[in-house]
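Q: Input structure: model_11.csv, which contains CSV, C-alpha atoms and all ligand atoms.
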```csv
chain,number,residue,atom,x,y,z
A,1,MET,CA,0.0,0.0,0.0
A,2,LYS,CA,1.4,3.4,-1.1
A,3,PHE,CA,0.4,4.9,2.2
A,4,ALA,CA,2.4,2.5,4.3
A,5,THR,CA,5.5,2.7,2.2
A,6,GLU,CA,5.6,6.5,2.7
A,7,PHE,CA,5.8,6.2,6.4
A,8,ARG,CA,9.3,6.3,7.9
A,9,ASN,CA,8.2,3.4,10.1
A,10,SER,CA,5.4,1.5,8.5
A,11,ASP,CA,5.2,-1.0,11.3
A,12,MET,CA,4.5,1.7,13.8
A,13,ALA,CA,1.9,3.2,11.4
A,14,LYS,CA,0.2,-0.2,11.0
A,15,GLY,CA,0.2,-0.6,14.8
A,16,LEU,CA,-1.5,2.8,15.3
A,17,ILE,CA,-4.0,2.1,12.6
A,18,ALA,CA,-4.9,-1.2,14.2
A,19,ARG,CA,-5.1,0.4,17.6
A,20,ILE,CA,-7.5,3.1,16.3
A,21,ALA,CA,-9.6,0.4,14.6
A,22,ARG,CA,-9.8,-1.6,17.8
A,23,THR,CA,-10.7,1.4,20.0
A,24,ALA,CA,-13.2,3.3,17.8
A,25,THR,CA,-16.7,2.0,18.5
A,26,ARG,CA,-18.7,5.1,18.1
A,27,PRO,CA,-19.0,7.8,15.4
A,28,ALA,CA,-16.6,10.7,16.0
A,29,ARG,CA,-15.9,13.9,14.0
A,30,PHE,CA,-12.4,15.4,14.4
A,31,MET,CA,-11.4,18.8,13.1
A,32,GLU,CA,-7.8,19.4,12.0
A,33,PHE,CA,-7.4,23.1,12.6
A,34,CYS,CA,-4.3,23.6,10.5
A,35,GLY,CA,-3.9,23.6,6.7
A,36,GLY,CA,-0.6,21.8,7.2
A,37,HIS,CA,-2.4,19.0,8.8
A,38,THR,CA,-5.1,18.9,6.0
A,39,VAL,CA,-2.4,18.6,3.4
A,40,ALA,CA,-0.5,15.8,5.3
A,41,ILE,CA,-3.8,13.9,5.9
A,42,PHE,CA,-4.5,13.9,2.2
A,43,ARG,CA,-1.0,13.4,1.0
A,44,TYR,CA,-0.5,10.3,3.1
A,45,GLY,CA,-4.0,8.9,2.6
A,46,ILE,CA,-4.8,9.0,6.3
A,47,ARG,CA,-8.6,9.3,5.8
A,48,GLN,CA,-8.6,6.1,3.8
A,49,VAL,CA,-7.0,4.0,6.6
A,50,LEU,CA,-9.2,5.3,9.4
A,51,PRO,CA,-12.4,3.4,10.4
A,52,LYS,CA,-15.5,4.7,8.7
A,53,THR,CA,-16.8,5.8,12.0
A,54,ILE,CA,-14.2,8.6,12.1
A,55,GLU,CA,-14.8,11.7,10.1
A,56,MET,CA,-12.1,14.3,9.5
A,57,VAL,CA,-13.2,17.9,8.8
A,58,SER,CA,-10.9,20.8,7.9
A,59,GLY,CA,-10.8,23.9,9.9
A,60,PRO,CA,-9.7,27.6,9.3
A,61,GLY,CA,-6.0,27.1,9.7
A,62,CYS,CA,-4.8,28.3,6.4
A,63,PRO,CA,-3.6,31.9,6.8
A,64,VAL,CA,-4.0,32.8,3.2
A,65,CYS,CA,-7.5,31.3,2.9
A,66,VAL,CA,-8.8,33.1,6.0
A,67,THR,CA,-7.6,36.5,4.8
A,68,ALA,CA,-10.9,38.3,4.1
A,69,THR,CA,-11.7,39.9,0.8
A,70,PRO,CA,-11.7,43.5,2.1
A,71,ASP,CA,-8.2,42.9,3.5
A,72,ILE,CA,-7.0,41.6,0.1
A,73,ASP,CA,-8.6,44.7,-1.4
A,74,LYS,CA,-6.5,46.8,1.0
A,75,MET,CA,-3.4,45.1,-0.3
A,76,LEU,CA,-4.4,45.9,-3.8
A,77,ALA,CA,-5.1,49.5,-3.0
A,78,LEU,CA,-1.6,49.8,-1.5
A,79,ALA,CA,-0.1,48.1,-4.5
A,80,GLU,CA,-1.6,50.7,-6.8
A,81,MET,CA,-0.2,53.6,-4.8
A,82,PRO,CA,2.7,55.4,-6.5
A,83,GLY,CA,6.1,54.8,-4.9
A,84,VAL,CA,5.0,51.6,-3.0
A,85,ILE,CA,6.7,48.2,-3.3
A,86,ILE,CA,4.7,45.3,-2.0
A,87,THR,CA,6.6,42.4,-0.6
A,88,THR,CA,4.9,39.1,0.2
A,89,PHE,CA,5.2,35.4,0.5
A,90,GLY,CA,4.2,33.4,-2.6
A,91,ASP,CA,0.6,32.2,-2.3
A,92,MET,CA,-0.8,35.6,-1.6
A,93,VAL,CA,-0.2,37.0,-5.0
A,94,LYS,CA,-2.7,34.7,-6.7
A,95,VAL,CA,-5.6,35.2,-4.3
A,96,PRO,CA,-8.4,37.0,-5.9
A,97,GLY,CA,-9.7,40.2,-4.2
A,98,SER,CA,-13.0,41.8,-5.2
A,99,ARG,CA,-11.8,43.1,-8.6
A,100,SER,CA,-8.2,41.9,-9.1
A,101,SER,CA,-5.3,40.0,-7.5
A,102,LEU,CA,-1.7,41.1,-6.7
A,103,GLN,CA,-0.6,39.0,-9.7
A,104,LYS,CA,-2.9,41.0,-12.0
A,105,ALA,CA,-1.9,44.2,-10.4
A,106,ARG,CA,1.8,43.3,-11.0
A,107,ALA,CA,1.0,42.6,-14.7
A,108,GLY,CA,-0.6,46.0,-14.8
A,109,GLY,CA,2.6,47.7,-13.6
A,110,ALA,CA,2.4,47.5,-9.8
A,111,ASP,CA,5.7,46.7,-8.0
A,112,VAL,CA,4.8,43.4,-6.3
A,113,ARG,CA,7.7,41.2,-5.2
A,114,MET,CA,7.7,37.7,-3.8
A,115,VAL,CA,10.2,37.2,-1.0
A,116,TYR,CA,11.4,34.2,1.0
A,117,SER,CA,11.9,36.0,4.3
A,118,THR,CA,11.3,39.4,5.9
A,119,LEU,CA,15.1,39.9,5.6
A,120,ASP,CA,14.6,40.1,1.8
A,121,ALA,CA,11.9,42.7,2.3
A,122,LEU,CA,14.2,44.8,4.6
A,123,LYS,CA,16.9,44.6,2.0
A,124,ILE,CA,14.6,45.9,-0.6
A,125,ALA,CA,13.7,48.8,1.7
A,126,GLN,CA,17.4,49.6,2.2
A,127,ASP,CA,18.1,49.4,-1.5
A,128,ASN,CA,15.1,51.6,-2.4
A,129,PRO,CA,15.2,54.5,0.1
A,130,ALA,CA,12.9,56.7,-2.1
A,131,LYS,CA,10.2,54.0,-2.1
A,132,SER,CA,7.8,52.7,0.6
A,133,VAL,CA,8.3,49.0,1.1
A,134,VAL,CA,5.2,47.2,2.6
A,135,PHE,CA,5.5,43.7,3.8
A,136,LEU,CA,2.2,41.8,3.9
A,137,GLY,CA,2.1,40.2,7.4
A,138,ILE,CA,0.0,37.0,6.9
A,139,GLY,CA,0.1,34.1,9.2
A,140,PHE,CA,-0.6,32.7,12.7
A,141,GLU,CA,1.4,32.7,15.9
A,142,THR,CA,4.2,30.9,14.1
A,143,THR,CA,4.9,33.6,11.6
A,144,ALA,CA,4.3,36.7,13.6
A,145,PRO,CA,7.5,36.5,15.6
A,146,THR,CA,9.6,36.7,12.4
A,147,VAL,CA,7.7,39.7,11.2
A,148,ALA,CA,8.0,41.3,14.7
A,149,ALA,CA,11.8,40.8,14.4
A,150,SER,CA,11.8,42.6,11.1
A,151,VAL,CA,10.0,45.6,12.6
A,152,VAL,CA,12.5,45.7,15.5
A,153,GLN,CA,15.4,45.5,13.0
A,154,ALA,CA,13.9,48.3,10.9
A,155,GLU,CA,13.6,50.4,14.0
A,156,GLU,CA,17.1,49.7,15.2
A,157,GLN,CA,18.6,50.3,11.8
A,158,ASP,CA,16.4,53.3,11.2
A,159,ILE,CA,14.9,51.8,8.0
A,160,GLY,CA,12.1,54.3,8.0
A,161,ASN,CA,10.6,53.2,4.7
A,162,TYR,CA,9.7,49.7,5.8
A,163,TYR,CA,6.1,49.0,6.8
A,164,VAL,CA,4.1,46.0,7.7
A,165,LEU,CA,0.4,45.6,6.8
A,166,SER,CA,-0.4,43.2,9.6
A,167,GLN,CA,-3.1,40.6,8.8
A,168,HIS,CA,-1.7,38.2,11.4
A,169,LYS,CA,-4.3,36.1,13.2
A,170,LEU,CA,-4.4,34.1,16.4
A,171,CYS,CA,-5.8,30.5,16.4
A,172,PRO,CA,-7.5,29.9,19.8
A,173,PRO,CA,-10.0,32.8,19.6
A,174,VAL,CA,-11.3,31.7,16.2
A,175,ILE,CA,-11.8,28.1,17.5
A,176,ARG,CA,-13.9,29.6,20.3
A,177,ALA,CA,-15.9,31.6,17.7
A,178,ILE,CA,-16.5,28.4,15.6
A,179,LEU,CA,-17.6,26.4,18.6
A,180,ASN,CA,-19.9,29.2,19.8
A,181,ALA,CA,-21.5,29.4,16.4
A,182,GLY,CA,-22.6,25.8,16.9
A,183,GLU,CA,-22.7,25.0,13.2
A,184,VAL,CA,-20.4,22.0,13.4
A,185,LYS,CA,-20.4,19.4,16.1
A,186,LEU,CA,-16.9,18.3,17.0
A,187,ASP,CA,-15.8,15.3,19.0
A,188,GLY,CA,-12.1,16.2,19.0
A,189,LEU,CA,-9.6,18.8,17.8
A,190,ILE,CA,-6.2,18.3,16.3
A,191,CYS,CA,-4.3,21.3,17.5
A,192,PRO,CA,-1.3,22.5,15.5
A,193,GLY,CA,2.0,21.6,17.0
A,194,HIS,CA,4.0,24.6,15.7
A,195,VAL,CA,1.5,27.1,17.0
A,196,SER,CA,1.5,25.3,20.4
A,197,ALA,CA,5.3,25.6,20.5
A,198,ILE,CA,4.7,29.3,20.6
A,199,THR,CA,1.6,29.6,22.7
A,200,GLY,CA,2.0,26.5,24.9
A,201,SER,CA,-0.6,23.8,25.0
A,202,ARG,CA,-2.5,25.7,27.7
A,203,ALA,CA,-3.9,27.9,25.0
A,204,TRP,CA,-6.2,25.1,24.1
A,205,GLU,CA,-7.3,24.1,27.5
A,206,PHE,CA,-10.5,26.2,27.4
A,207,ILE,CA,-11.8,23.9,24.6
A,208,ALA,CA,-11.5,20.8,26.8
A,209,LYS,CA,-12.7,22.5,29.9
A,210,GLU,CA,-15.5,24.7,28.6
A,211,TYR,CA,-16.7,22.7,25.6
A,212,HIS,CA,-15.7,19.2,26.7
A,213,ILE,CA,-14.0,18.5,23.5
A,214,PRO,CA,-10.8,16.4,23.5
A,215,CYS,CA,-7.7,18.2,22.1
A,216,VAL,CA,-4.4,16.7,21.1
A,217,VAL,CA,-1.5,18.8,19.9
A,218,SER,CA,0.0,17.1,16.9
A,219,GLY,CA,3.1,17.5,14.6
A,220,PHE,CA,2.9,17.1,10.9
A,221,GLU,CA,4.4,13.8,10.1
A,222,PRO,CA,1.9,11.0,9.3
A,223,LEU,CA,2.8,9.1,12.4
A,224,ASP,CA,2.2,12.2,14.5
A,225,ILE,CA,-1.3,12.5,13.1
A,226,LEU,CA,-2.1,8.9,13.5
A,227,GLN,CA,-0.9,9.0,17.1
A,228,CYS,CA,-3.1,12.1,17.6
A,229,VAL,CA,-6.2,10.4,16.2
A,230,ALA,CA,-5.5,7.4,18.4
A,231,MET,CA,-5.3,9.6,21.5
A,232,LEU,CA,-8.5,11.5,20.5
A,233,THR,CA,-10.3,8.3,19.9
A,234,ASN,CA,-9.2,7.0,23.3
A,235,GLN,CA,-10.5,10.1,25.0
A,236,VAL,CA,-13.9,9.9,23.1
A,237,GLU,CA,-14.3,6.3,24.0
A,238,HIS,CA,-13.5,7.0,27.7
A,239,GLY,CA,-15.8,10.1,27.8
A,240,GLU,CA,-12.8,12.3,28.6
A,241,ALA,CA,-12.0,15.9,27.4
A,242,LYS,CA,-8.4,17.0,28.1
A,243,VAL,CA,-5.5,18.5,26.2
A,244,GLU,CA,-2.8,16.0,25.4
A,245,ILE,CA,0.4,16.3,23.4
A,246,ALA,CA,1.4,14.0,20.6
A,247,TYR,CA,4.2,16.4,19.6
A,248,ARG,CA,7.3,16.2,21.6
A,249,ARG,CA,9.8,17.6,19.1
A,250,GLY,CA,9.8,20.8,19.5
A,251,VAL,CA,8.3,35.1,22.4
A,252,ALA,CA,8.5,37.6,23.7
A,253,LEU,CA,9.3,39.5,20.5
A,254,MET,CA,5.8,38.9,19.2
A,255,ASP,CA,4.4,40.6,22.3
A,256,ARG,CA,6.9,43.4,22.1
A,257,VAL,CA,5.8,44.4,18.6
A,258,PHE,CA,2.2,43.3,18.3
A,259,GLU,CA,-0.9,43.5,20.4
A,260,ALA,CA,-4.2,41.7,20.0
A,261,CYS,CA,-7.0,43.3,18.0
A,262,PRO,CA,-10.3,42.2,16.4
A,263,ALA,CA,-9.7,40.5,13.0
A,264,ASN,CA,-11.9,39.7,10.1
A,265,TRP,CA,-11.8,36.0,9.1
A,266,ARG,CA,-13.1,34.9,5.8
A,267,GLY,CA,-16.4,33.1,6.3
A,268,ILE,CA,-16.4,33.7,10.0
A,269,GLY,CA,-16.4,37.4,10.4
A,270,THR,CA,-14.8,39.6,13.0
A,271,VAL,CA,-13.6,37.8,16.0
A,272,PRO,CA,-12.4,39.8,19.1
A,273,ALA,CA,-8.7,39.6,20.0
A,274,SER,CA,-8.0,37.2,17.1
A,275,GLY,CA,-5.7,39.5,15.2
A,276,LEU,CA,-2.4,41.2,15.7
A,277,LYS,CA,-1.7,44.9,15.1
A,278,LEU,CA,1.5,46.8,15.6
A,279,ARG,CA,1.8,48.4,19.0
A,280,PRO,CA,1.8,52.3,19.0
A,281,GLU,CA,5.6,52.2,19.7
A,282,TYR,CA,6.1,50.7,16.3
A,283,SER,CA,3.4,52.7,14.4
A,284,ARG,CA,6.2,54.3,12.3
A,285,HIS,CA,6.3,50.9,10.5
A,286,ASP,CA,2.5,50.3,10.4
A,287,ALA,CA,1.3,50.5,6.8
A,288,GLU,CA,-2.3,51.1,8.1
A,289,ALA,CA,-1.1,54.2,10.0
A,290,LYS,CA,1.1,55.5,7.3
A,291,PHE,CA,-1.2,55.2,4.2
A,292,GLU,CA,-4.7,56.3,3.8
A,293,ILE,CA,-6.1,53.0,2.4
A,294,ARG,CA,-9.5,53.4,0.9
A,295,VAL,CA,-11.3,50.4,-0.5
A,296,GLU,CA,-14.7,49.9,-2.2
A,297,PRO,CA,-17.2,47.4,-0.6
A,298,ALA,CA,-15.9,43.9,-1.1
A,299,ILE,CA,-17.3,41.5,-3.7
A,300,GLU,CA,-17.0,37.8,-2.8
A,301,PRO,CA,-16.3,35.2,-5.5
A,302,LYS,CA,-19.7,34.0,-6.8
A,303,GLY,CA,-20.6,30.5,-5.9
A,304,CYS,CA,-17.5,29.9,-3.8
A,305,LEU,CA,-18.0,28.1,-0.5
A,306,CYS,CA,-14.6,28.9,1.0
A,307,GLY,CA,-16.3,30.4,4.0
A,308,GLU,CA,-18.3,27.3,4.8
A,309,VAL,CA,-15.3,25.1,4.1
A,310,LEU,CA,-13.2,27.1,6.6
A,311,ARG,CA,-15.9,26.7,9.2
A,312,GLY,CA,-15.9,22.9,8.7
A,313,VAL,CA,-19.6,22.9,7.8
A,314,LYS,CA,-19.1,22.0,4.1
A,315,THR,CA,-16.3,20.3,2.2
A,316,PRO,CA,-14.9,21.3,-1.2
A,317,LEU,CA,-17.0,18.4,-2.7
A,318,ASP,CA,-20.1,20.4,-1.8
A,319,CYS,CA,-19.0,23.2,-4.1
A,320,HIS,CA,-20.4,22.9,-7.6
A,321,LEU,CA,-17.4,24.9,-8.9
A,322,PHE,CA,-14.9,22.4,-7.6
A,323,ARG,CA,-12.8,20.8,-10.4
A,324,LYS,CA,-15.3,22.1,-13.1
A,325,VAL,CA,-14.7,25.8,-12.9
A,326,CYS,CA,-12.3,26.1,-10.0
A,327,THR,CA,-8.9,24.5,-10.3
A,328,PRO,CA,-5.4,25.4,-9.1
A,329,GLU,CA,-4.7,26.8,-12.6
A,330,SER,CA,-7.9,28.9,-12.5
A,331,PRO,CA,-8.8,29.3,-8.9
A,332,VAL,CA,-12.1,31.0,-7.9
A,333,GLY,CA,-11.4,31.2,-4.2
A,334,PRO,CA,-8.4,31.2,-1.8
A,335,CYS,CA,-8.9,27.7,-0.6
A,336,MET,CA,-7.9,26.5,-4.1
A,337,VAL,CA,-5.0,29.0,-4.4
A,338,SER,CA,-3.1,28.3,-1.2
A,339,SER,CA,-0.9,25.2,-1.0
A,340,GLU,CA,-2.5,24.7,2.5
A,341,GLY,CA,-6.0,25.2,1.3
A,342,SER,CA,-8.6,22.4,1.6
A,343,CYS,CA,-9.8,22.7,-2.0
A,344,SER,CA,-6.3,22.5,-3.3
A,345,ALA,CA,-5.7,19.4,-1.1
A,346,TYR,CA,-8.9,17.7,-2.3
A,347,TYR,CA,-7.9,18.5,-5.9
A,348,LEU,CA,-4.3,17.4,-5.7
A,349,TYR,CA,-4.7,14.3,-3.6
A,350,GLY,CA,-7.8,13.0,-5.4
A,351,GLU,CA,-10.8,12.9,-3.2
A,352,GLU,CA,-13.5,12.5,-5.9
A,353,SER,CA,-17.0,13.7,-5.7
B,1,LIG,FE1,-14.2,28.3,-3.5
B,1,LIG,FE2,-13.1,26.9,-5.5
B,1,LIG,FE3,-13.1,25.8,-3.1
B,1,LIG,FE4,-15.4,26.1,-4.5
B,1,LIG,S1,-13.7,24.8,-5.0
B,1,LIG,S2,-15.1,26.6,-2.3
B,1,LIG,S3,-15.0,28.0,-5.6
B,1,LIG,S4,-12.0,27.7,-3.7
```
Can you turn what I pasted into structure tokens?
Ligand code: SF4
A:
Amino acid sequence: MKFATEFRNSDMAKGLIARIARTATRPARFMEFCGGHTVAIFRYGIRQVLPKTIEMVSGPGCPVCVTATPDIDKMLALAEMPGVIITTFGDMVKVPGSRSSLQKARAGGADVRMVYSTLDALKIAQDNPAKSVVFLGIGFETTAPTVAASVVQAEEQDIGNYYVLSQHKLCPPVIRAILNAGEVKLDGLICPGHVSAITGSRAWEFIAKEYHIPCVVSGFEPLDILQCVAMLTNQVEHGEAKVEIAYRRGVALMDRVFEACPANWRGIGTVPASGLKLRPEYSRHDAEAKFEIRVEPAIEPKGCLCGEVLRGVKTPLDCHLFRKVCTPESPVGPCMVSSEGSCSAYYLYGEES
């Protein structure tokens, strides 16, 4: 079986699969919060080896996917300002806003540059002192510290033309929002290991305590995920709800530069204290403070179910555009653009409708 050969230790994988099959006697729906988990689950065929009683649903943990259309429109408005260079990580350039994308804006003459790190963006700012260089800060707790470091470096080296448009988001508050909405019933949550390395596993405790939903912090290898599903299944079968850690490999800077603020999540709406904005001490590097960014009312992609997919209430297979109109080459919504998006994972790893 292809799945087993791709494990570093297929015997351990088989053992875990057998253990899950032995333990799981009742239906259980587990949400993987993170897009990295979604991709690993599809890539390694994990759904196919789990008992039919276990359903896996994807959550809102793809930072590109959850960036709301009005915020993409803001990026486009900035890109069209004279003297502005936009710097960003790759996936973001292809995501459609209401009327265009950064890729199209670049084709139309805007200076949009893909970078591999914030250091590249800082260098561009140093090399172009007459221009304003805006880095698009997209990502969760894991990415924000690097971006915070770039702001501190810009401050220390007096790089006054370096700005961050912070669209960073925090994971635990949005999980609370999803659970409060009550649209999707969950029996367990796979919590992202890399986020927990920053926040500590205590950040998830409210889910077990207040919502009585088992949580297991998992890494991204197939064995990590199987171990996590085994632990979740065990909790479900024993009627327990606690936070466990299946991720043993394993910031102040983030707190120094950013503070929590409300954030607009695609498909979920504004969630209090789920975003990060630059603290007033660093407002000199805050693109929102520096530029008067005006955007028209947002237009959402017609027929796209990204919002529902991100809330775990629909899957890409429910979208009538999936595969027919919406493909990675011609994406309609961000969940097909991003390498961590559910629609792209379903498309690439072959879950057929
Ligand atoms: Fe949106 Fe395309 Fe996914 Fe449908 S398949 S939800 S249009 S990204």
Q: Rank A:Asp120, A:Met231, A:Pro173, A:Cys65 by their smallest atom-to-atom distance to ligand LIG 1 (chain B), using only C-alpha atoms and all ligand atoms, and report the top residue only.
A: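 Of A:Asp120, A:Met231, A:Pro173, A:Cys65, the one nearest ligand LIG 1 (chain B) is A:Cys65, counting only C-alpha atoms and all ligand atoms.
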Q: Give the residues close to ligand LIG 1 (chain B), within 8 Å, counting only C-alpha atoms and all ligand atoms; write them as a PyMOL selection string.
A: chain A and resi 301-309+315-323+325-327+331-337+342-344
Q: Grab the atom CA of A:Gly109 to atom CA of A:Glu80 distance for me, in Å with one decimal place.
A: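 Computed distance, atom CA of A:Gly109 to atom CA of A:Glu80, equals 8.5 Å.
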Q: Write out as a PDB file with C-alpha atoms, keeping the file's coordinate frame which residues come within 12 Å of A:Phe291 when counting all atoms listed in the file, dropping same-chain ones fewer than 5 positions away.
A:
```pdb
ATOM      1  CA  LYS A  74      -6.500  46.800   1.000  1.00  0.00           C
ATOM      2  CA  MET A  75      -3.400  45.100  -0.300  1.00  0.00           C
ATOM      3  CA  ALA A  77      -5.100  49.500  -3.000  1.00  0.00           C
ATOM      4  CA  LEU A  78      -1.600  49.800  -1.500  1.00  0.00           C
ATOM      5  CA  ALA A  79      -0.100  48.100  -4.500  1.00  0.00           C
ATOM      6  CA  GLU A  80      -1.600  50.700  -6.800  1.00  0.00           C
ATOM      7  CA  MET A  81      -0.200  53.600  -4.800  1.00  0.00           C
ATOM      8  CA  PRO A  82       2.700  55.400  -6.500  1.00  0.00           C
ATOM      9  CA  GLY A  83       6.100  54.800  -4.900  1.00  0.00           C
ATOM     10  CA  VAL A  84       5.000  51.600  -3.000  1.00  0.00           C
ATOM     11  CA  SER A 132       7.800  52.700   0.600  1.00  0.00           C
ATOM     12  CA  VAL A 133       8.300  49.000   1.100  1.00  0.00           C
ATOM     13  CA  VAL A 134       5.200  47.200   2.600  1.00  0.00           C
ATOM     14  CA  ASN A 161      10.600  53.200   4.700  1.00  0.00           C
ATOM     15  CA  TYR A 163       6.100  49.000   6.800  1.00  0.00           C
ATOM     16  CA  VAL A 164       4.100  46.000   7.700  1.00  0.00           C
ATOM     17  CA  LEU A 165       0.400  45.600   6.800  1.00  0.00           C
ATOM     18  CA  SER A 283       3.400  52.700  14.400  1.00  0.00           C
ATOM     19  CA  ARG A 284       6.200  54.300  12.300  1.00  0.00           C
ATOM     20  CA  HIS A 285       6.300  50.900  10.500  1.00  0.00           C
ATOM     21  CA  ASP A 286       2.500  50.300  10.400  1.00  0.00           C
TER      22      ASP A 286
END
```
Q: Of the candidates A:Ser338, A:Gln157, A:Thr23, A:Thr199, which one gets nearest to A:Leu232 if we count all atoms listed in the file?
A: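 Smallest separation from A:Leu232 among the options: A:Thr23.
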Q: Please compute the atom CA of A:Thr270-atom CA of A:Asp71 distance, one decimal, in Å.
A: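 Pair atom CA of A:Thr270 / atom CA of A:Asp71 returns 12.0 Å.
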Q: Can you list, as a VMD selection string, every protein, DNA or RNA residue that comes within 7 Å of A:Pro60 when you count all atoms listed in the file, leaving out same-chain residues fewer than 6 positions away?
A: chain A and resid 33 to 34 66 310 to 311
Q: Between atom CA of A:Thr53 and atom CA of A:Met12, what distance in Å does the model show, to one decimal?
A: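 So the two atoms, atom CA of A:Thr53 and atom CA of A:Met12, lie 21.8 Å apart.
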Q: Taking only C-alpha atoms into account, which of A:Ile138, A:Gly239, A:Cys62, A:Gly35 comes nearest A:Val93?
A: A:Ile138
Q: Leaving out A:Leu186 and any residue of its chain fewer than 6 positions from it, which residues lie within 8 Å of it when counting all atoms listed in the file, given as a ChimeraX atom specification?
A: /A:28-31,213
Q: Find the residues near A:Val115: any atom within 9 Å, counting all atoms listed in the file, skip ones fewer than 4 places away on the same chain, and give them as a list in words.
A: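 Close residues of A:Val115: Thr87, Thr88, Phe89, Gly90, Leu119, Asp120 and Ala121 of chain A.
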Q: May I have the protein, DNA and RNA residues with an atom at most 9 Å from (-14.1, 38.5, 15.4), counting only C-alpha atoms in the file's coordinates, returned as a list in words?
A: Pro173, Val174, Ala177, Cys261, Pro262, Ala263, Asn264, Trp265, Ile268, Gly269, Thr270, Val271, Pro272, Ala273, Ser274 and Gly275 of chain A
Q: With only C-alpha atoms as the basis for distance, which of A:Lys314, A:Arg47, A:Lys242, A:Arg99 is at the shortest distance from A:Glu210?
A: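 Among the listed residues, the smallest separation from A:Glu210 belongs to A:Lys242.
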Q: When you count only C-alpha atoms, which of these residues is closest to A:Glu155: A:Leu122, A:Asn9, A:Glu244, A:Glu329?
A: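 Closest to A:Glu155 of all the choices is A:Leu122.
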Q: Find, counting all atoms listed in the file, the residue in A:Asp187, A:Asp255, A:Asp91, A:Asp73 that gets nearest to A:Val147.
A: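 Among the listed residues, the smallest separation from A:Val147 belongs to A:Asp255.
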Q: Using all atoms listed in the file, determine which residues lie at most 8 Å from A:Ile159, disregarding the query and same-chain residues fewer than 5 positions distant; provide the list as a count of residues only.
A: 4
Q: If I only have part of stretch 130-134 of chain A, can you fill in all heavy atoms and write it as a CSV table (one decimal), in the frame of the given file?
A:
```csv
chain,number,residue,atom,x,y,z
A,130,ALA,N,13.9,55.7,-1.6
A,130,ALA,CA,12.9,56.7,-2.1
A,130,ALA,C,11.5,56.1,-2.2
A,130,ALA,O,10.5,56.7,-2.4
A,130,ALA,CB,13.3,57.3,-3.4
A,131,LYS,N,11.5,54.8,-2.0
A,131,LYS,CA,10.2,54.0,-2.1
A,131,LYS,C,9.7,53.6,-0.7
A,131,LYS,O,10.5,53.5,0.3
A,131,LYS,CB,10.3,52.8,-2.9
A,131,LYS,CG,10.8,53.1,-4.4
A,131,LYS,CD,9.6,53.2,-5.3
A,131,LYS,CE,10.0,53.7,-6.7
A,131,LYS,NZ,10.0,52.6,-7.6
A,132,SER,N,8.4,53.3,-0.6
A,132,SER,CA,7.8,52.7,0.6
A,132,SER,C,7.7,51.2,0.4
A,132,SER,O,7.0,50.8,-0.6
A,132,SER,CB,6.5,53.3,0.9
A,132,SER,OG,6.6,54.7,1.1
A,133,VAL,N,8.3,50.4,1.3
A,133,VAL,CA,8.3,49.0,1.1
A,133,VAL,C,7.3,48.4,2.1
A,133,VAL,O,7.6,48.5,3.3
A,133,VAL,CB,9.7,48.4,1.2
A,133,VAL,CG1,9.6,46.8,1.1
A,133,VAL,CG2,10.6,48.9,0.0
A,134,VAL,N,6.3,47.8,1.6
A,134,VAL,CA,5.2,47.2,2.6
A,134,VAL,C,5.3,45.7,2.5
A,134,VAL,O,5.2,45.1,1.5
A,134,VAL,CB,3.8,47.7,2.1
A,134,VAL,CG1,2.8,47.1,3.1
A,134,VAL,CG2,3.7,49.2,2.2
```
